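The structure file protein-v2.cif is reproduced below (mmCIF, C-alpha atoms and all ligand atoms).
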data_input
#
loop_
_atom_site.group_PDB
_atom_site.id
_atom_site.type_symbol
_atom_site.label_atom_id
_atom_site.label_comp_id
_atom_site.auth_asym_id
_atom_site.auth_seq_id
_atom_site.Cartn_x
_atom_site.Cartn_y
_atom_site.Cartn_z
ATOM 1 C CA MET A 1 118.103 90.011 125.808
ATOM 2 C CA THR A 2 118.123 92.063 122.603
ATOM 3 C CA PRO A 3 116.932 95.712 122.551
ATOM 4 C CA GLU A 4 113.999 94.547 120.354
ATOM 5 C CA GLU A 5 112.945 91.949 122.938
ATOM 6 C CA LEU A 6 113.186 94.544 125.685
ATOM 7 C CA PHE A 7 111.103 96.975 123.606
ATOM 8 C CA ASP A 8 108.395 94.302 123.206
ATOM 9 C CA ILE A 9 108.272 93.836 126.983
ATOM 10 C CA GLU A 10 108.007 97.605 127.482
ATOM 11 C CA ILE A 11 105.127 97.685 124.978
ATOM 12 C CA GLN A 12 103.279 94.927 126.826
ATOM 13 C CA LEU A 13 103.719 96.642 130.199
ATOM 14 C CA LEU A 14 102.681 100.012 128.832
ATOM 15 C CA MET A 15 99.614 98.645 127.044
ATOM 16 C CA GLU A 16 98.498 96.941 130.241
ATOM 17 C CA GLY A 17 98.923 100.228 132.158
ATOM 18 C CA VAL A 18 97.079 102.215 129.462
ATOM 19 C CA TYR A 19 94.191 99.748 129.620
ATOM 20 C CA GLN A 20 94.013 99.938 133.435
ATOM 21 C CA VAL A 21 94.223 103.734 133.581
ATOM 22 C CA TYR A 22 92.358 104.910 130.466
ATOM 23 C CA GLY A 23 90.333 101.851 129.354
ATOM 24 C CA TYR A 24 91.859 101.900 125.845
ATOM 25 C CA ASP A 25 92.711 98.320 124.985
ATOM 26 C CA PHE A 26 95.616 97.954 122.560
ATOM 27 C CA ARG A 27 96.715 94.638 124.061
ATOM 28 C CA GLU A 28 95.382 92.737 121.073
ATOM 29 C CA TYR A 29 96.705 94.972 118.325
ATOM 30 C CA ALA A 30 99.054 93.311 115.830
ATOM 31 C CA GLU A 31 102.603 93.462 117.217
ATOM 32 C CA SER A 32 104.429 94.543 114.068
ATOM 33 C CA SER A 33 102.382 97.678 113.404
ATOM 34 C CA LEU A 34 102.218 98.566 117.126
ATOM 35 C CA ARG A 35 106.019 98.252 117.362
ATOM 36 C CA ARG A 36 106.461 100.480 114.318
ATOM 37 C CA ARG A 37 103.983 103.123 115.500
ATOM 38 C CA LEU A 38 105.385 103.227 119.032
ATOM 39 C CA SER A 39 108.997 103.563 117.942
ATOM 40 C CA GLN A 40 107.992 106.469 115.670
ATOM 41 C CA TRP A 41 106.086 108.089 118.541
ATOM 42 C CA LEU A 42 109.008 107.547 120.938
ATOM 43 C CA ALA A 43 111.439 109.227 118.539
ATOM 44 C CA GLY A 44 109.377 112.435 118.717
ATOM 45 C CA SER A 45 108.437 112.199 122.403
ATOM 46 C CA GLY A 46 111.636 113.458 124.014
ATOM 47 C CA CYS A 47 111.922 110.252 126.070
ATOM 48 C CA ALA A 48 114.809 107.818 125.693
ATOM 49 C CA THR A 49 112.788 104.654 126.335
ATOM 50 C CA LEU A 50 109.150 103.600 126.609
ATOM 51 C CA SER A 51 109.715 102.746 130.287
ATOM 52 C CA LEU A 52 110.821 106.311 130.946
ATOM 53 C CA ALA A 53 107.798 107.665 129.039
ATOM 54 C CA GLN A 54 105.420 105.335 130.878
ATOM 55 C CA SER A 55 105.232 107.315 134.110
ATOM 56 C CA GLN A 56 104.121 110.471 132.289
ATOM 57 C CA ILE A 57 101.781 108.586 129.929
ATOM 58 C CA LEU A 58 99.896 107.103 132.873
ATOM 59 C CA ARG A 59 99.656 110.402 134.768
ATOM 60 C CA ASP A 60 99.238 113.062 132.108
ATOM 61 C CA ARG A 61 96.147 112.755 129.873
ATOM 62 C CA GLN A 62 97.452 115.221 127.300
ATOM 63 C CA PHE A 63 100.688 113.292 126.943
ATOM 64 C CA PHE A 64 98.661 110.088 126.596
ATOM 65 C CA ASP A 65 96.623 111.755 123.836
ATOM 66 C CA THR A 66 99.801 112.248 121.818
ATOM 67 C CA LEU A 67 100.450 108.522 122.198
ATOM 68 C CA LEU A 68 96.877 107.734 121.114
ATOM 69 C CA ARG A 69 97.385 109.840 117.993
ATOM 70 C CA GLY A 70 100.646 107.993 117.372
ATOM 71 C CA ILE A 71 99.123 104.534 117.709
ATOM 72 C CA THR A 72 96.023 104.967 115.577
ATOM 73 C CA VAL A 73 96.468 105.252 111.830
ATOM 74 C CA ASN A 74 93.867 107.745 110.649
ATOM 75 C CA VAL A 75 94.554 108.005 106.939
ATOM 76 C CA SER A 76 91.480 107.951 104.767
ATOM 77 C CA GLU A 77 90.177 109.417 101.531
ATOM 78 C CA MET A 78 86.859 110.003 99.819
ATOM 79 C CA PHE A 79 85.633 107.098 97.699
ATOM 80 C CA ARG A 80 88.732 105.140 98.717
ATOM 81 C CA ASP A 81 88.991 102.040 96.493
ATOM 82 C CA PRO A 82 86.492 103.376 93.924
ATOM 83 C CA ALA A 83 85.644 99.867 92.677
ATOM 84 C CA PHE A 84 84.319 99.101 96.159
ATOM 85 C CA PHE A 85 81.931 102.069 96.064
ATOM 86 C CA LYS A 86 80.897 101.139 92.520
ATOM 87 C CA ALA A 87 80.025 97.646 93.741
ATOM 88 C CA ILE A 88 78.008 99.149 96.622
ATOM 89 C CA ARG A 89 76.129 101.382 94.197
ATOM 90 C CA GLU A 90 75.396 98.607 91.719
ATOM 91 C CA GLN A 91 74.964 95.542 93.916
ATOM 92 C CA VAL A 92 73.919 96.692 97.389
ATOM 93 C CA VAL A 93 71.919 99.897 96.863
ATOM 94 C CA PRO A 94 69.154 98.120 94.842
ATOM 95 C CA TYR A 95 68.388 96.116 98.028
ATOM 96 C CA LEU A 96 68.670 99.172 100.286
ATOM 97 C CA LYS A 97 66.130 100.988 98.107
ATOM 98 C CA THR A 98 63.525 98.392 99.056
ATOM 99 C CA TYR A 99 63.790 99.297 102.791
ATOM 100 C CA PRO A 100 61.718 102.134 104.255
ATOM 101 C CA PHE A 101 64.735 103.348 106.238
ATOM 102 C CA VAL A 102 68.403 102.291 106.174
ATOM 103 C CA LYS A 103 70.675 102.307 109.238
ATOM 104 C CA ILE A 104 74.386 102.101 108.583
ATOM 105 C CA TRP A 105 77.217 101.711 111.098
ATOM 106 C CA LEU A 106 80.557 102.872 109.796
ATOM 107 C CA ALA A 107 83.153 101.705 112.332
ATOM 108 C CA GLY A 108 86.616 103.311 112.243
ATOM 109 C CA CYS A 109 85.490 106.391 110.313
ATOM 110 C CA ALA A 110 88.751 108.321 110.918
ATOM 111 C CA THR A 111 88.384 111.905 109.636
ATOM 112 C CA GLY A 112 85.001 111.217 108.020
ATOM 113 C CA GLU A 113 85.779 110.884 104.315
ATOM 114 C CA GLU A 114 84.157 107.442 104.042
ATOM 115 C CA ALA A 115 80.965 108.573 105.816
ATOM 116 C CA TYR A 116 80.576 111.578 103.504
ATOM 117 C CA SER A 117 81.236 109.343 100.489
ATOM 118 C CA MET A 118 78.434 106.996 101.552
ATOM 119 C CA ALA A 119 76.103 109.948 102.145
ATOM 120 C CA ILE A 120 76.810 111.327 98.649
ATOM 121 C CA LEU A 121 76.276 107.915 97.068
ATOM 122 C CA LEU A 122 72.950 107.330 98.853
ATOM 123 C CA LEU A 123 71.699 110.838 98.055
ATOM 124 C CA GLU A 124 72.554 110.334 94.393
ATOM 125 C CA GLU A 125 70.630 107.055 94.488
ATOM 126 C CA GLY A 126 67.479 108.800 95.696
ATOM 127 C CA LEU A 127 67.598 107.782 99.367
ATOM 128 C CA LYS A 128 67.338 111.347 100.714
ATOM 129 C CA GLY A 129 65.686 111.334 104.145
ATOM 130 C CA ARG A 130 65.713 107.535 104.281
ATOM 131 C CA PHE A 131 69.081 106.732 105.832
ATOM 132 C CA ARG A 132 71.239 107.463 108.846
ATOM 133 C CA ILE A 133 74.960 106.762 109.100
ATOM 134 C CA TYR A 134 76.420 106.174 112.574
ATOM 135 C CA ALA A 135 80.107 106.904 112.044
ATOM 136 C CA THR A 136 82.323 105.923 114.977
ATOM 137 C CA ASP A 137 85.988 105.909 115.892
ATOM 138 C CA ILE A 138 88.132 105.305 118.960
ATOM 139 C CA ASN A 139 89.924 108.622 118.497
ATOM 140 C CA GLU A 140 87.866 111.648 119.579
ATOM 141 C CA GLU A 141 90.185 114.107 117.915
ATOM 142 C CA VAL A 142 89.564 112.623 114.469
ATOM 143 C CA ILE A 143 85.825 112.575 115.164
ATOM 144 C CA ARG A 144 85.945 116.340 115.728
ATOM 145 C CA LYS A 145 87.707 116.730 112.361
ATOM 146 C CA ALA A 146 85.127 114.440 110.767
ATOM 147 C CA GLN A 147 82.324 116.638 112.107
ATOM 148 C CA ASP A 148 83.966 119.710 110.547
ATOM 149 C CA GLY A 149 84.146 118.083 107.106
ATOM 150 C CA ILE A 150 86.995 120.340 105.991
ATOM 151 C CA TYR A 151 89.813 118.853 103.906
ATOM 152 C CA PRO A 152 92.983 120.262 102.295
ATOM 153 C CA LEU A 153 92.183 121.489 98.814
ATOM 154 C CA GLN A 154 95.126 119.624 97.304
ATOM 155 C CA GLU A 155 93.409 116.299 98.163
ATOM 156 C CA LEU A 156 90.288 117.207 96.223
ATOM 157 C CA GLN A 157 91.713 116.372 92.835
ATOM 158 C CA HIS A 158 92.307 112.821 94.001
ATOM 159 C CA PHE A 159 88.888 112.648 95.697
ATOM 160 C CA THR A 160 87.244 113.865 92.489
ATOM 161 C CA ARG A 161 88.969 111.165 90.434
ATOM 162 C CA ASN A 162 87.885 108.513 92.961
ATOM 163 C CA TYR A 163 84.304 109.817 92.849
ATOM 164 C CA GLN A 164 84.227 109.550 89.067
ATOM 165 C CA HIS A 165 85.713 106.028 89.047
ATOM 166 C CA ALA A 166 83.191 105.034 91.725
ATOM 167 C CA GLY A 167 80.346 105.844 89.316
ATOM 168 C CA GLY A 168 79.420 109.290 90.707
ATOM 169 C CA THR A 169 76.450 110.628 88.774
ATOM 170 C CA GLY A 170 76.842 114.341 89.502
ATOM 171 C CA SER A 171 79.638 116.854 89.632
ATOM 172 C CA PHE A 172 81.855 116.406 92.675
ATOM 173 C CA SER A 173 82.453 120.152 92.930
ATOM 174 C CA ASP A 174 78.756 120.558 93.872
ATOM 175 C CA TYR A 175 79.516 118.942 97.219
ATOM 176 C CA TYR A 176 82.057 121.445 98.527
ATOM 177 C CA THR A 177 83.030 125.090 98.630
ATOM 178 C CA ALA A 178 86.691 126.006 98.187
ATOM 179 C CA ARG A 179 87.925 128.518 100.736
ATOM 180 C CA TYR A 180 91.603 129.522 100.666
ATOM 181 C CA ASN A 181 93.393 126.176 100.605
ATOM 182 C CA HIS A 182 90.569 124.100 102.062
ATOM 183 C CA ALA A 183 87.419 122.443 100.786
ATOM 184 C CA ILE A 184 84.398 122.727 103.060
ATOM 185 C CA LEU A 185 81.885 119.957 102.454
ATOM 186 C CA ALA A 186 78.242 120.969 102.064
ATOM 187 C CA PRO A 187 76.674 121.005 105.570
ATOM 188 C CA SER A 188 73.608 119.212 104.159
ATOM 189 C CA LEU A 189 75.747 116.062 103.796
ATOM 190 C CA ARG A 190 76.134 115.984 107.574
ATOM 191 C CA GLU A 191 72.381 115.934 108.202
ATOM 192 C CA ASN A 192 72.207 112.162 107.956
ATOM 193 C CA ILE A 193 75.437 111.352 109.787
ATOM 194 C CA VAL A 194 75.911 110.941 113.540
ATOM 195 C CA PHE A 195 79.574 110.969 114.566
ATOM 196 C CA ALA A 196 80.383 109.333 117.918
ATOM 197 C CA ALA A 197 83.189 107.746 119.921
ATOM 198 C CA HIS A 198 83.151 103.952 120.047
ATOM 199 C CA ASN A 199 85.952 101.550 120.830
ATOM 200 C CA LEU A 200 85.658 98.229 119.011
ATOM 201 C CA ALA A 201 87.965 96.554 121.520
ATOM 202 C CA VAL A 202 85.873 97.249 124.629
ATOM 203 C CA ASP A 203 82.453 98.739 123.798
ATOM 204 C CA THR A 204 79.227 96.868 123.050
ATOM 205 C CA ASP A 205 77.253 96.434 119.841
ATOM 206 C CA PHE A 206 74.991 98.843 117.971
ATOM 207 C CA GLY A 207 71.585 97.285 117.387
ATOM 208 C CA GLU A 208 69.536 96.694 114.262
ATOM 209 C CA MET A 209 71.813 97.838 111.466
ATOM 210 C CA ASN A 210 71.068 97.207 107.787
ATOM 211 C CA MET A 211 74.680 97.716 106.794
ATOM 212 C CA ILE A 212 78.056 97.844 108.522
ATOM 213 C CA LEU A 213 81.273 99.113 106.993
ATOM 214 C CA CYS A 214 84.581 98.551 108.740
ATOM 215 C CA ARG A 215 87.397 99.032 106.278
ATOM 216 C CA ASN A 216 91.108 99.143 106.974
ATOM 217 C CA VAL A 217 90.644 98.940 110.747
ATOM 218 C CA MET A 218 90.925 95.255 111.612
ATOM 219 C CA ILE A 219 94.203 94.959 109.696
ATOM 220 C CA TYR A 220 95.778 96.402 112.860
ATOM 221 C CA PHE A 221 94.208 93.782 115.141
ATOM 222 C CA LYS A 222 95.338 90.330 116.260
ATOM 223 C CA GLN A 223 93.153 87.344 115.279
ATOM 224 C CA SER A 224 91.392 87.206 118.656
ATOM 225 C CA LEU A 225 90.367 90.862 118.468
ATOM 226 C CA LYS A 226 89.229 90.440 114.848
ATOM 227 C CA GLU A 227 86.935 87.617 116.002
ATOM 228 C CA ARG A 228 85.548 89.789 118.825
ATOM 229 C CA VAL A 229 84.813 92.654 116.465
ATOM 230 C CA LEU A 230 83.205 90.419 113.830
ATOM 231 C CA GLY A 231 81.012 88.955 116.600
ATOM 232 C CA LEU A 232 80.006 92.506 117.518
ATOM 233 C CA PHE A 233 79.090 93.222 113.888
ATOM 234 C CA ASP A 234 77.194 89.954 113.579
ATOM 235 C CA SER A 235 75.038 90.765 116.592
ATOM 236 C CA SER A 236 74.445 94.327 115.357
ATOM 237 C CA LEU A 237 73.380 93.347 111.846
ATOM 238 C CA LEU A 238 69.799 92.462 110.932
ATOM 239 C CA PRO A 239 69.230 89.349 108.794
ATOM 240 C CA GLY A 240 69.700 90.378 105.165
ATOM 241 C CA GLY A 241 72.088 93.145 106.279
ATOM 242 C CA PHE A 242 75.372 93.883 104.523
ATOM 243 C CA LEU A 243 78.864 93.658 106.009
ATOM 244 C CA CYS A 244 81.647 95.446 104.136
ATOM 245 C CA LEU A 245 85.352 95.083 104.901
ATOM 246 C CA GLY A 246 88.506 96.617 103.438
ATOM 247 C CA THR A 247 89.828 95.328 100.118
ATOM 248 C CA LYS A 248 92.624 93.379 101.859
ATOM 249 C CA GLU A 249 90.255 91.810 104.393
ATOM 250 C CA SER A 250 87.802 88.914 104.209
ATOM 251 C CA LEU A 251 85.491 86.667 106.228
ATOM 252 C CA GLU A 252 87.381 83.569 105.137
ATOM 253 C CA HIS A 253 88.057 81.195 108.064
ATOM 254 C CA ARG A 254 86.169 83.466 110.467
ATOM 255 C CA ARG A 255 83.708 82.041 112.972
ATOM 256 C CA ILE A 256 80.749 83.990 111.577
ATOM 257 C CA SER A 257 81.486 83.223 107.903
ATOM 258 C CA ASP A 258 78.945 80.406 107.525
ATOM 259 C CA ARG A 259 76.113 82.843 108.196
ATOM 260 C CA TYR A 260 77.101 85.116 105.287
ATOM 261 C CA ASP A 261 76.984 85.022 101.495
ATOM 262 C CA THR A 262 79.374 86.887 99.227
ATOM 263 C CA VAL A 263 77.573 89.653 97.341
ATOM 264 C CA ALA A 264 80.144 90.911 94.863
ATOM 265 C CA ALA A 265 82.918 88.991 93.121
ATOM 266 C CA ARG A 266 86.414 89.828 94.419
ATOM 267 C CA MET A 267 84.966 92.359 96.890
ATOM 268 C CA PRO A 268 84.683 91.848 100.641
ATOM 269 C CA ILE A 269 80.960 92.625 100.648
ATOM 270 C CA TYR A 270 78.836 90.048 102.470
ATOM 271 C CA ARG A 271 75.157 89.582 103.232
ATOM 272 C CA LYS A 272 73.860 88.017 106.415
ATOM 273 C CA ARG A 273 71.545 85.108 105.683
ATOM 274 C CA TYR A 274 67.973 84.961 106.903
ATOM 275 C CA GLU A 275 67.691 82.179 109.488
ATOM 276 C CA LYS A 276 65.947 79.069 108.153
ATOM 277 C CA LYS A 277 62.646 78.513 109.930
HETATM 278 C C1 LIG B 301 93.200 103.574 108.529
HETATM 279 S S1 LIG B 301 91.794 104.286 109.303
HETATM 280 C C2 LIG B 301 90.507 103.702 108.243
HETATM 281 C C3 LIG B 301 89.564 104.808 107.860
HETATM 282 C C4 LIG B 301 88.466 104.398 106.892
HETATM 283 N N1 LIG B 301 87.660 103.321 107.395
HETATM 284 C C5 LIG B 301 89.038 104.063 105.547
HETATM 285 O O1 LIG B 301 89.099 102.889 105.167
HETATM 286 O O2 LIG B 301 89.477 104.996 104.847
HETATM 287 C C6 LIG B 301 91.624 103.275 110.762
HETATM 288 C C7 LIG B 301 90.738 103.916 111.824
HETATM 289 O O3 LIG B 301 90.403 102.931 112.808
HETATM 290 C C8 LIG B 301 90.374 103.559 114.054
HETATM 291 N N2 LIG B 301 90.511 102.558 115.121
HETATM 292 C C9 LIG B 301 91.625 101.902 115.530
HETATM 293 N N3 LIG B 301 91.354 101.108 116.569
HETATM 294 C C10 LIG B 301 90.016 101.244 116.826
HETATM 295 C C11 LIG B 301 89.131 100.680 117.773
HETATM 296 N N4 LIG B 301 89.562 99.821 118.697
HETATM 297 N N5 LIG B 301 87.835 101.067 117.751
HETATM 298 C C12 LIG B 301 87.383 101.950 116.827
HETATM 299 N N6 LIG B 301 88.170 102.533 115.890
HETATM 300 C C13 LIG B 301 89.474 102.165 115.884
HETATM 301 C C14 LIG B 301 91.534 104.532 114.009
HETATM 302 O O4 LIG B 301 91.407 105.569 114.980
HETATM 303 C C15 LIG B 301 91.444 105.037 112.573
HETATM 304 O O5 LIG B 301 90.718 106.224 112.486
#

Taking this structure as input, can you express it in the form of structure tokens?
Amino acid sequence: MTPEELFDIEIQLLMEGVYQVYGYDFREYAESSLRRRLSQWLAGSGCATLSLAQSQILRDRQFFDTLLRGITVNVSEMFRDPAFFKAIREQVVPYLKTYPFVKIWLAGCATGEEAYSMAILLLEEGLKGRFRIYATDINEEVIRKAQDGIYPLQELQHFTRNYQHAGGTGSFSDYYTARYNHAILAPSLRENIVFAAHNLAVDTDFGEMNMILCRNVMIYFKQSLKERVLGLFDSSLLPGGFLCLGTKESLEHRRISDRYDTVAARMPIYRKRYEKK
């Protein structure tokens, strides 16, 4: 048996144990990225093998939390993929404006940048007081950071460029205050966002959403888990609701795809059809 094969067995055993003890289900995460993340984590863990680390992982919550941080990829940015946000502004918002109130589920929100970007966009489009964003993630530590809405100042230049390319109609600097080397987002942006823990692999759906965004999350999942999660979204979305995926993701060949129409060319933005009577 090669060391790689042995490592894969250790991963399987550990993921089973983690699921039994903590309820976090990584058993259907894509092998290649899980392998890469776990070997990076192991290198910094002080343990020679995953089997040796396993005993402590299953008994020591804090040690497990370091593993959780190692497994989940939490990188995000404001107005990530600006063309996507431009398409939302131009092709989805006109529909949203016709609703009295808009409920949005943003699954896999990481440190919150995407949720704040959506809030800015909807405020600029005149939807103040008419929307709520439920931003969820498996990782409670990133949710706490998301709630703070504080980002390193050096990232703001990039965020500002994204905002402009995404069709921002104001001045991005109006949305934050610079303090030392951090940017603190305006607390008013948080008024319409509820941050909460939710695990797409094991938790149930969120009802009656007008829009769901889940970008750059399912790329880490195996096909079976992707299908589960898309089923969850399908049952959470009202007819006529919008489903938005990451730029490298699509509904092609998915079980739910025949109930959705593509909204924007070359963008993974879909609209759930109204059932025929
Ligand atoms: C790469 S980030 C994407 C952030 C943001 N959506 C974006 O596109 O910039 C992926 C996020 O998915 C979260 N995640 C991974 N597995 C999850 C699961 N089973 N349930 C909910 N969130 C999950 C991770 O914790 C991480 O914050």

(request) Can you give me, as a VMD selection string, the residues this file yields under the PyMOL selection byres (((chain A and resi 133) around 9) and not hetatm)? (result) chain A and resid 102 to 106 115 118 to 119 131 to 132 134 to 135 192 to 195

(message) Can you translate the PyMOL selection byres (((not hetatm)) within 6 of (chain B and resi 301)) into the concrete residues it hits in this file, as a PyMOL selection string?
(response) chain A and resi 72-77+108-110+114+137-139+198-201+214-217

So which residues get picked by the PyMOL selection byres (((chain A and resi 162-170) around 7) and not hetatm) here, written as a tab-separated table (two decimals) with C-alpha atoms, keeping the file's coordinate frame?
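Result file follows (expr_17.tsv):
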chain	number	residue	atom	x	y	z
A	79	PHE	CA	85.63	107.10	97.70
A	80	ARG	CA	88.73	105.14	98.72
A	82	PRO	CA	86.49	103.38	93.92
A	83	ALA	CA	85.64	99.87	92.68
A	85	PHE	CA	81.93	102.07	96.06
A	86	LYS	CA	80.90	101.14	92.52
A	124	GLU	CA	72.55	110.33	94.39
A	158	HIS	CA	92.31	112.82	94.00
A	159	PHE	CA	88.89	112.65	95.70
A	160	THR	CA	87.24	113.86	92.49
A	161	ARG	CA	88.97	111.16	90.43
A	171	SER	CA	79.64	116.85	89.63
A	172	PHE	CA	81.86	116.41	92.68

If we count only C-alpha atoms and set the cut-off at 12 Å, which residues sit around Ala265 (chain A), ignoring sequence neighbours fewer than 5 positions away in its own chain? Please answer as a CSV table (one decimal) with C-alpha atoms, keeping the file's coordinate frame.
chain,number,residue,atom,x,y,z
A,83,ALA,CA,85.6,99.9,92.7
A,84,PHE,CA,84.3,99.1,96.2
A,87,ALA,CA,80.0,97.6,93.7
A,88,ILE,CA,78.0,99.1,96.6
A,91,GLN,CA,75.0,95.5,93.9
A,247,THR,CA,89.8,95.3,100.1
A,270,TYR,CA,78.8,90.0,102.5

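Atom pair CA of Leu153 (chain A) / CA of Arg179 (chain A): separated by 8.4 Å.
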
(message) Please report the interatomic distance between CA of Pro239 (chain A) and CA of Tyr274 (chain A) in Å with one decimal.
(response) 4.9 Å

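Taking all atoms listed in the file into account, Ile9 (chain A) lies nearest to A:Leu50 out of the set A:Ile120, A:Ile184, A:Leu50, A:Leu96.
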
(request) Have a look at CA of Gly112 (chain A) and CA of Asp148 (chain A) and let me know their distance in Å, one decimal. (result)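 If I compute the distance from CA of Gly112 (chain A) to CA of Asp148 (chain A), I get 8.9 Å.
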
(request) Tell me which of A:Arg254, A:Lys272, A:Lys145, A:Arg89 sits closest to Leu185 (chain A), counting only C-alpha atoms. (result)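 Result for the nearest residue to Leu185 (chain A): A:Lys145.
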
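Only residues having an atom at most 12 Å from (114.7, 98.2, 122.1) are included; using only C-alpha atoms, these are A:Met1, A:Thr2, A:Pro3, A:Glu4, A:Glu5, A:Leu6, A:Phe7, A:Asp8, A:Ile9, A:Glu10, A:Ile11, A:Arg35, A:Arg36, A:Leu38, A:Ser39, A:Leu42, A:Ala48, A:Thr49, A:Leu50, A:Ser51.
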
(request) Excluding region 30-33 of chain A and any residue of its chain fewer than 6 positions from it, enumerate the residues within 7 Å of it, using only C-alpha atoms, and give them as a VMD selection string. (result) chain A and resid 220 to 222
